[in-house]
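Peer 1: I'd like to ask some things about the structure below.
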Amino acid sequence: MKTNQFMELALDEARAAGERGEVPIGAVLVFDGTVIARSGNRTRELNDVTAHAEVAAIRLACEALGQERLTGADLYVTLEPCTMCAAAISFARIRRLYYGAEDPKGGGVDNGVRFYRQPTCHHAPDVYSGINEVQAADVLREFFQAKRD
């Protein structure tokens with residue numbers, strides 16, 4: 001089982017999002033081994049369908065660094081990004097994407113449209129899946145199980 005300290009922080013963000021009533025997904029952006037931004041989903045809190053954890057972390061990182069591109073940065077996210085987030089990751093020129101659990105229904109990286117494999121994709125990060133996969137899947141499963149109970 002692959003584990004990672006930055007994914008552990010993303011899992012913390014996911015759990016915090018779940019406690020706020022958001023779908024528990026977390027993201028951490030790292031540059032030169034230093035965390036520059038972290039966030040969980042905030043779509044309900046902000047009434048903003050684009051406030052996914054990945055997009056929120058990208059926005060915070062761009063603001064912190066004072067630039068629109070994050071070349072050389074690595075993103076850790078607990079669930080395979082959707083197509084919107086995959087595009088934002090590409091547009092931000094993020095170097096590496098690490099994600100936990102696959103999302104067969106809504107994922108846009110290794111499932112669905114497979115955004116980075118399209119000829120119209122201008123930048124594809126290196127992608128590593130299955131990082132803290134069991135923990136990431138458990139956070140989501142427990143959240144939705146509690147909703148059903």
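Ligands are numbered from 1 in the order shown, chains are lettered A, B, ... in the order of the structure tokens, and residues start at 1 in each chain.
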DSSP on the backbone, strand (DSSP E or B) only: what residues of segment 12-135 of chain A does that give? Format it as a PyMOL selection string.
Peer 2: chain A and resi 26-31+34-40+71+73-79+94+96-101+126-128+131
Peer 1: For Gly72 of chain A, please output as a VMD selection string all residues within 7 Å (counting only C-alpha atoms; exclusion window: fewer than 6 positions along the same chain).
Peer 2: chain A and resid 31 94 to 95
Peer 1: Calculated over only C-alpha atoms, which of the candidates A:Glu22, A:Glu8, A:Glu13, A:Asp32 has the smallest distance to Ala57 of chain A?
Peer 2: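 Closest residue, counting only C-alpha atoms: A:Glu13.
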Peer 1: Set the distance at 12 Å and use only C-alpha atoms: which residues neighbour segment 99-105 of chain A once local chain neighbours fewer than 6 positions away are removed? I'd like the list as a PyMOL selection string.
Peer 2: chain A and resi 1-4+6-8+10-11+14+25-29+54+74-83+86+111-114+126-141
Peer 1: What is the distance, in Å and to one decimal place, between atom CA of Ala146 of chain A and atom CA of Thr50 of chain A?
Peer 2: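 Computing it gives 24.8 Å between the two atoms.
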Peer 1: In Å, rounded to a single decimal, give me how far atom CA of Gly108 of chain A is from atom CA of Asp149 of chain A.
Peer 2: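 Distance between the two atoms: 29.6 Å.
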Peer 1: Just the residues within 10 Å of Glu68 of chain A, please, counting only C-alpha atoms, with nothing from its chain fewer than 6 positions along; format it as a PyMOL selection string.
Peer 2: chain A and resi 58-59+61-62+91-93
Peer 1: Could you please write out, as a PyMOL selection string, every residue of segment 26-88 of chain A that DSSP assigns to helix (DSSP H, G or I)?
Peer 2: chain A and resi 43-46+53-65+83-88
Peer 1: May I have the residues from that selection written out with N, CA and C atoms, as a PDB file, in the first residue's frame?
Peer 2:
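Below is the file result-v5.pdb, written as the result:
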```pdb
ATOM      1  N   THR A  43     -18.018  23.681  -2.226  1.00  0.00           N
ATOM      2  CA  THR A  43     -19.094  24.020  -3.162  1.00  0.00           C
ATOM      3  C   THR A  43     -20.365  24.485  -2.457  1.00  0.00           C
ATOM      4  N   ARG A  44     -20.739  23.818  -1.386  1.00  0.00           N
ATOM      5  CA  ARG A  44     -21.959  24.199  -0.653  1.00  0.00           C
ATOM      6  C   ARG A  44     -21.746  25.477   0.146  1.00  0.00           C
ATOM      7  N   GLU A  45     -20.613  25.539   0.804  1.00  0.00           N
ATOM      8  CA  GLU A  45     -20.286  26.707   1.625  1.00  0.00           C
ATOM      9  C   GLU A  45     -20.296  27.989   0.795  1.00  0.00           C
ATOM     10  N   LEU A  46     -19.716  27.927  -0.402  1.00  0.00           N
ATOM     11  CA  LEU A  46     -19.590  29.113  -1.250  1.00  0.00           C
ATOM     12  C   LEU A  46     -20.677  29.228  -2.317  1.00  0.00           C
ATOM     13  N   ALA A  53     -12.054  20.899  -4.300  1.00  0.00           N
ATOM     14  CA  ALA A  53     -10.820  20.985  -3.525  1.00  0.00           C
ATOM     15  C   ALA A  53      -9.623  21.361  -4.394  1.00  0.00           C
ATOM     16  N   GLU A  54      -9.521  20.742  -5.572  1.00  0.00           N
ATOM     17  CA  GLU A  54      -8.390  21.006  -6.458  1.00  0.00           C
ATOM     18  C   GLU A  54      -8.365  22.453  -6.922  1.00  0.00           C
ATOM     19  N   VAL A  55      -9.516  22.949  -7.371  1.00  0.00           N
ATOM     20  CA  VAL A  55      -9.602  24.323  -7.873  1.00  0.00           C
ATOM     21  C   VAL A  55      -9.340  25.310  -6.742  1.00  0.00           C
ATOM     22  N   ALA A  56      -9.898  25.028  -5.563  1.00  0.00           N
ATOM     23  CA  ALA A  56      -9.666  25.919  -4.414  1.00  0.00           C
ATOM     24  C   ALA A  56      -8.184  25.967  -4.060  1.00  0.00           C
ATOM     25  N   ALA A  57      -7.515  24.819  -4.051  1.00  0.00           N
ATOM     26  CA  ALA A  57      -6.082  24.787  -3.733  1.00  0.00           C
ATOM     27  C   ALA A  57      -5.270  25.506  -4.808  1.00  0.00           C
ATOM     28  N   ILE A  58      -5.638  25.336  -6.060  1.00  0.00           N
ATOM     29  CA  ILE A  58      -4.943  26.031  -7.151  1.00  0.00           C
ATOM     30  C   ILE A  58      -5.098  27.538  -6.998  1.00  0.00           C
ATOM     31  N   ARG A  59      -6.303  27.990  -6.701  1.00  0.00           N
ATOM     32  CA  ARG A  59      -6.543  29.432  -6.521  1.00  0.00           C
ATOM     33  C   ARG A  59      -5.697  29.986  -5.370  1.00  0.00           C
ATOM     34  N   LEU A  60      -5.679  29.268  -4.259  1.00  0.00           N
ATOM     35  CA  LEU A  60      -4.892  29.713  -3.097  1.00  0.00           C
ATOM     36  C   LEU A  60      -3.399  29.747  -3.417  1.00  0.00           C
ATOM     37  N   ALA A  61      -2.914  28.740  -4.126  1.00  0.00           N
ATOM     38  CA  ALA A  61      -1.491  28.683  -4.476  1.00  0.00           C
ATOM     39  C   ALA A  61      -1.114  29.808  -5.432  1.00  0.00           C
ATOM     40  N   CYS A  62      -1.949  30.057  -6.430  1.00  0.00           N
ATOM     41  CA  CYS A  62      -1.669  31.146  -7.374  1.00  0.00           C
ATOM     42  C   CYS A  62      -1.636  32.489  -6.642  1.00  0.00           C
ATOM     43  N   GLU A  63      -2.561  32.668  -5.726  1.00  0.00           N
ATOM     44  CA  GLU A  63      -2.589  33.907  -4.945  1.00  0.00           C
ATOM     45  C   GLU A  63      -1.332  34.025  -4.075  1.00  0.00           C
ATOM     46  N   ALA A  64      -0.962  32.937  -3.410  1.00  0.00           N
ATOM     47  CA  ALA A  64       0.207  32.958  -2.522  1.00  0.00           C
ATOM     48  C   ALA A  64       1.495  33.238  -3.290  1.00  0.00           C
ATOM     49  N   LEU A  65       1.600  32.701  -4.491  1.00  0.00           N
ATOM     50  CA  LEU A  65       2.814  32.872  -5.286  1.00  0.00           C
ATOM     51  C   LEU A  65       2.761  34.086  -6.214  1.00  0.00           C
ATOM     52  N   THR A  83     -13.303  16.079 -14.782  1.00  0.00           N
ATOM     53  CA  THR A  83     -12.799  16.711 -16.002  1.00  0.00           C
ATOM     54  C   THR A  83     -12.506  18.196 -15.788  1.00  0.00           C
ATOM     55  N   MET A  84     -13.368  18.904 -15.063  1.00  0.00           N
ATOM     56  CA  MET A  84     -13.136  20.324 -14.804  1.00  0.00           C
ATOM     57  C   MET A  84     -11.818  20.527 -14.059  1.00  0.00           C
ATOM     58  N   CYS A  85     -11.605  19.723 -13.033  1.00  0.00           N
ATOM     59  CA  CYS A  85     -10.385  19.855 -12.240  1.00  0.00           C
ATOM     60  C   CYS A  85      -9.163  19.398 -13.023  1.00  0.00           C
ATOM     61  N   ALA A  86      -9.316  18.358 -13.832  1.00  0.00           N
ATOM     62  CA  ALA A  86      -8.201  17.917 -14.675  1.00  0.00           C
ATOM     63  C   ALA A  86      -7.779  19.040 -15.620  1.00  0.00           C
ATOM     64  N   ALA A  87      -8.749  19.749 -16.159  1.00  0.00           N
ATOM     65  CA  ALA A  87      -8.437  20.878 -17.040  1.00  0.00           C
ATOM     66  C   ALA A  87      -7.735  21.989 -16.261  1.00  0.00           C
ATOM     67  N   ALA A  88      -8.216  22.314 -15.071  1.00  0.00           N
ATOM     68  CA  ALA A  88      -7.579  23.360 -14.261  1.00  0.00           C
ATOM     69  C   ALA A  88      -6.134  22.971 -13.932  1.00  0.00           C
TER      70      ALA A  88
END
```
